[in-house]
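Okay, structure first, notes after.
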Amino acid sequence: MDQISWNDFAKVEIRVGTIQEVAPFPNARKPAYQLLIDFGPEIGLRRSSAQITDRYTPVTLIGRQILAVVNFPVKQIANFFSEVLVLGLHDNDGAVVLVGPDQPIPNGVKLA
């Protein structure tokens, strides 16, 4: 495993946000949702695409707090521009389980 310095890690902006809207993403190669996430007043609303349809429905995602990398460049996925990278872990079946706080946190707080 490659090691990175503390300064390298400090450059990664991992912030908490709350999912506001969820839409199907029919143009994605694999089943995915388009998410609109609120990262608070400093960062605002950002969009992301996430392949999380195995474990989540739009109803279970709205209002959920997640962690995301907010300082990657915008990435085009089909006809959609993803502005942040939502973080998750693969379970034993390969489905993505989202990473987020276990208690409410103000949107935009940086991972410490």
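Naming scheme: A, B, ... for chains in displayed order of the structure tokens; residues 1 onward per chain; ligands 1 onward as shown.
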So which residues of chain A fall under alpha helix (DSSP H) by DSSP, listed as a PyMOL selection string? chain A and resi 6-10+40-43+58-61
Please identify every residue of segment 25-77 of chain A that has at least one atom no farther than 9 Å from an atom of segment 101-108 of chain A, counting only C-alpha atoms, and for each give the shortest atom pair and the distance in Å to one decimal, arranged by chain then increasing number, as a Markdown table.
| residue | atom | partner | partner_atom | distance |
| --- | --- | --- | --- | --- |
| A:Asp38 | CA | A:Asn107 | CA | 6.7 |
| A:Phe39 | CA | A:Gly108 | CA | 4.4 |
| A:Gly40 | CA | A:Asn107 | CA | 4.7 |
| A:Pro41 | CA | A:Gly108 | CA | 7.6 |
| A:Glu42 | CA | A:Gly108 | CA | 7.1 |
| A:Ile43 | CA | A:Gly108 | CA | 6.9 |
| A:Gly44 | CA | A:Gly108 | CA | 8.3 |
| A:Gln65 | CA | A:Pro101 | CA | 6.8 |
| A:Ile66 | CA | A:Pro101 | CA | 6.9 |
| A:Leu67 | CA | A:Pro101 | CA | 7.8 |
Among A:Asn27, A:Gln20, A:Asn92, A:Asn71, Val59 of chain A is approached most closely, using only C-alpha atoms, by A:Gln20
Give me the residues near segment 6-10 of chain A as a PyMOL selection string, where near means some atom within 12 Å (using only C-alpha atoms) and where sequence neighbours in that chain fewer than 3 positions away do not count. chain A and resi 3+13-14+69+71+110-112
Mind listing the strand (DSSP E or B) residues of chain A, per DSSP on the backbone, as a VMD selection string? chain A and resid 14 to 24 33 to 38 45 to 50 65 to 69 75 to 77 80 to 82 85 to 86 88 to 90 96 to 98 110
With segment 45-57 of chain A as the partner and 7 Å as the cut-off, tabulate the residues of segment 72-95 of chain A that qualify, each row holding the nearest pair of atoms and their distance in Å to one decimal, using only C-alpha atoms, sorted by chain and rising number, as CSV.
residue,atom,partner,partner_atom,distance
A:Ser82,CA,A:Ser48,CA,4.4
A:Glu83,CA,A:Arg47,CA,5.3
A:Val84,CA,A:Ser48,CA,5.5
A:Leu85,CA,A:Ser48,CA,6.6
A:Val86,CA,A:Ala50,CA,6.9
A:Ala95,CA,A:Asp54,CA,6.0
Requested write-out: N, CA and C atoms of the selected residues, as a PDB file, in the first residue's frame:
ATOM      1  N   SER A  82     -21.081  15.266 -12.582  1.00  0.00           N
ATOM      2  CA  SER A  82     -20.972  14.957 -11.163  1.00  0.00           C
ATOM      3  C   SER A  82     -19.963  15.915 -10.535  1.00  0.00           C
ATOM      4  N   GLU A  83     -20.387  16.604  -9.471  1.00  0.00           N
ATOM      5  CA  GLU A  83     -19.566  17.637  -8.844  1.00  0.00           C
ATOM      6  C   GLU A  83     -18.857  17.186  -7.577  1.00  0.00           C
ATOM      7  N   VAL A  84     -19.315  16.099  -6.973  1.00  0.00           N
ATOM      8  CA  VAL A  84     -18.695  15.568  -5.759  1.00  0.00           C
ATOM      9  C   VAL A  84     -18.670  14.046  -5.846  1.00  0.00           C
ATOM     10  N   LEU A  85     -17.787  13.436  -5.064  1.00  0.00           N
ATOM     11  CA  LEU A  85     -17.698  11.980  -4.995  1.00  0.00           C
ATOM     12  C   LEU A  85     -18.274  11.522  -3.666  1.00  0.00           C
ATOM     13  N   VAL A  86     -19.433  10.889  -3.719  1.00  0.00           N
ATOM     14  CA  VAL A  86     -20.074  10.336  -2.529  1.00  0.00           C
ATOM     15  C   VAL A  86     -19.272   9.109  -2.091  1.00  0.00           C
ATOM     16  N   ALA A  95     -22.521  -4.555  -3.204  1.00  0.00           N
ATOM     17  CA  ALA A  95     -23.372  -3.359  -3.161  1.00  0.00           C
ATOM     18  C   ALA A  95     -22.678  -2.283  -2.334  1.00  0.00           C
TER      19      ALA A  95
END
Near Ile19 of chain A, within 6 Å and counting only C-alpha atoms, which residues show up once chain neighbours fewer than 3 positions away are dropped, as a list in words? Leu36, Ile37, Ile62, Gly63 and Arg64 of chain A
With N, CA, C and O atoms retained, could you export that selection as an mmCIF file, in the first residue's frame?
data_model
loop_
_atom_site.group_PDB
_atom_site.id
_atom_site.type_symbol
_atom_site.label_atom_id
_atom_site.label_comp_id
_atom_site.auth_asym_id
_atom_site.auth_seq_id
_atom_site.Cartn_x
_atom_site.Cartn_y
_atom_site.Cartn_z
ATOM 1 N N LEU A 36 -28.875 15.332 -5.512
ATOM 2 C CA LEU A 36 -28.636 16.740 -5.205
ATOM 3 C C LEU A 36 -28.399 16.802 -3.705
ATOM 4 O O LEU A 36 -29.264 16.397 -2.912
ATOM 5 N N ILE A 37 -27.213 17.303 -3.314
ATOM 6 C CA ILE A 37 -26.777 17.243 -1.921
ATOM 7 C C ILE A 37 -26.485 18.653 -1.418
ATOM 8 O O ILE A 37 -25.798 19.430 -2.089
ATOM 9 N N ILE A 62 -33.548 10.482 0.700
ATOM 10 C CA ILE A 62 -33.894 11.883 0.962
ATOM 11 C C ILE A 62 -33.730 12.171 2.460
ATOM 12 O O ILE A 62 -34.252 11.445 3.305
ATOM 13 N N GLY A 63 -32.964 13.197 2.791
ATOM 14 C CA GLY A 63 -32.737 13.578 4.177
ATOM 15 C C GLY A 63 -31.570 12.868 4.843
ATOM 16 O O GLY A 63 -31.199 13.201 5.967
ATOM 17 N N ARG A 64 -30.973 11.916 4.157
ATOM 18 C CA ARG A 64 -29.846 11.163 4.719
ATOM 19 C C ARG A 64 -28.562 11.990 4.616
ATOM 20 O O ARG A 64 -28.282 12.592 3.594
#
In Å, how far is it from atom CA of Val74 of chain A to atom CA of Gly94 of chain A?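 It comes out at 25.6 Å.
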Nearest-residue call for Ala23 of chain A, choices A:Phe80, A:Leu98, A:Ile4, A:Ala68, using only C-alpha atoms: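 Between A:Phe80, A:Leu98, A:Ile4, A:Ala68, the residue approaching Ala23 of chain A most closely is A:Phe80.
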So that I can see what lies close to Val22 of chain A, please list as a PyMOL selection string the residues with an atom at most 6 Å from it, counting only C-alpha atoms and leaving out residues fewer than 3 positions away in the same chain. chain A and resi 34-35+58
Requested write-out: N, CA and C atoms of the selected residues, as a short mmCIF file (atom, residue, chain, number, x, y, z; two decimals), in the first residue's frame:
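Result saved to result-v7.cif:
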data_model
loop_
_atom_site.label_atom_id
_atom_site.label_comp_id
_atom_site.auth_asym_id
_atom_site.auth_seq_id
_atom_site.Cartn_x
_atom_site.Cartn_y
_atom_site.Cartn_z
N GLN A 34 -29.08 10.03 -9.61
CA GLN A 34 -28.54 11.38 -9.61
C GLN A 34 -28.98 12.01 -8.29
N LEU A 35 -28.02 12.54 -7.54
CA LEU A 35 -28.30 13.10 -6.23
C LEU A 35 -28.04 14.61 -6.23
N PRO A 58 -35.06 6.05 -3.53
CA PRO A 58 -35.14 7.50 -3.34
C PRO A 58 -35.73 7.88 -1.97
#
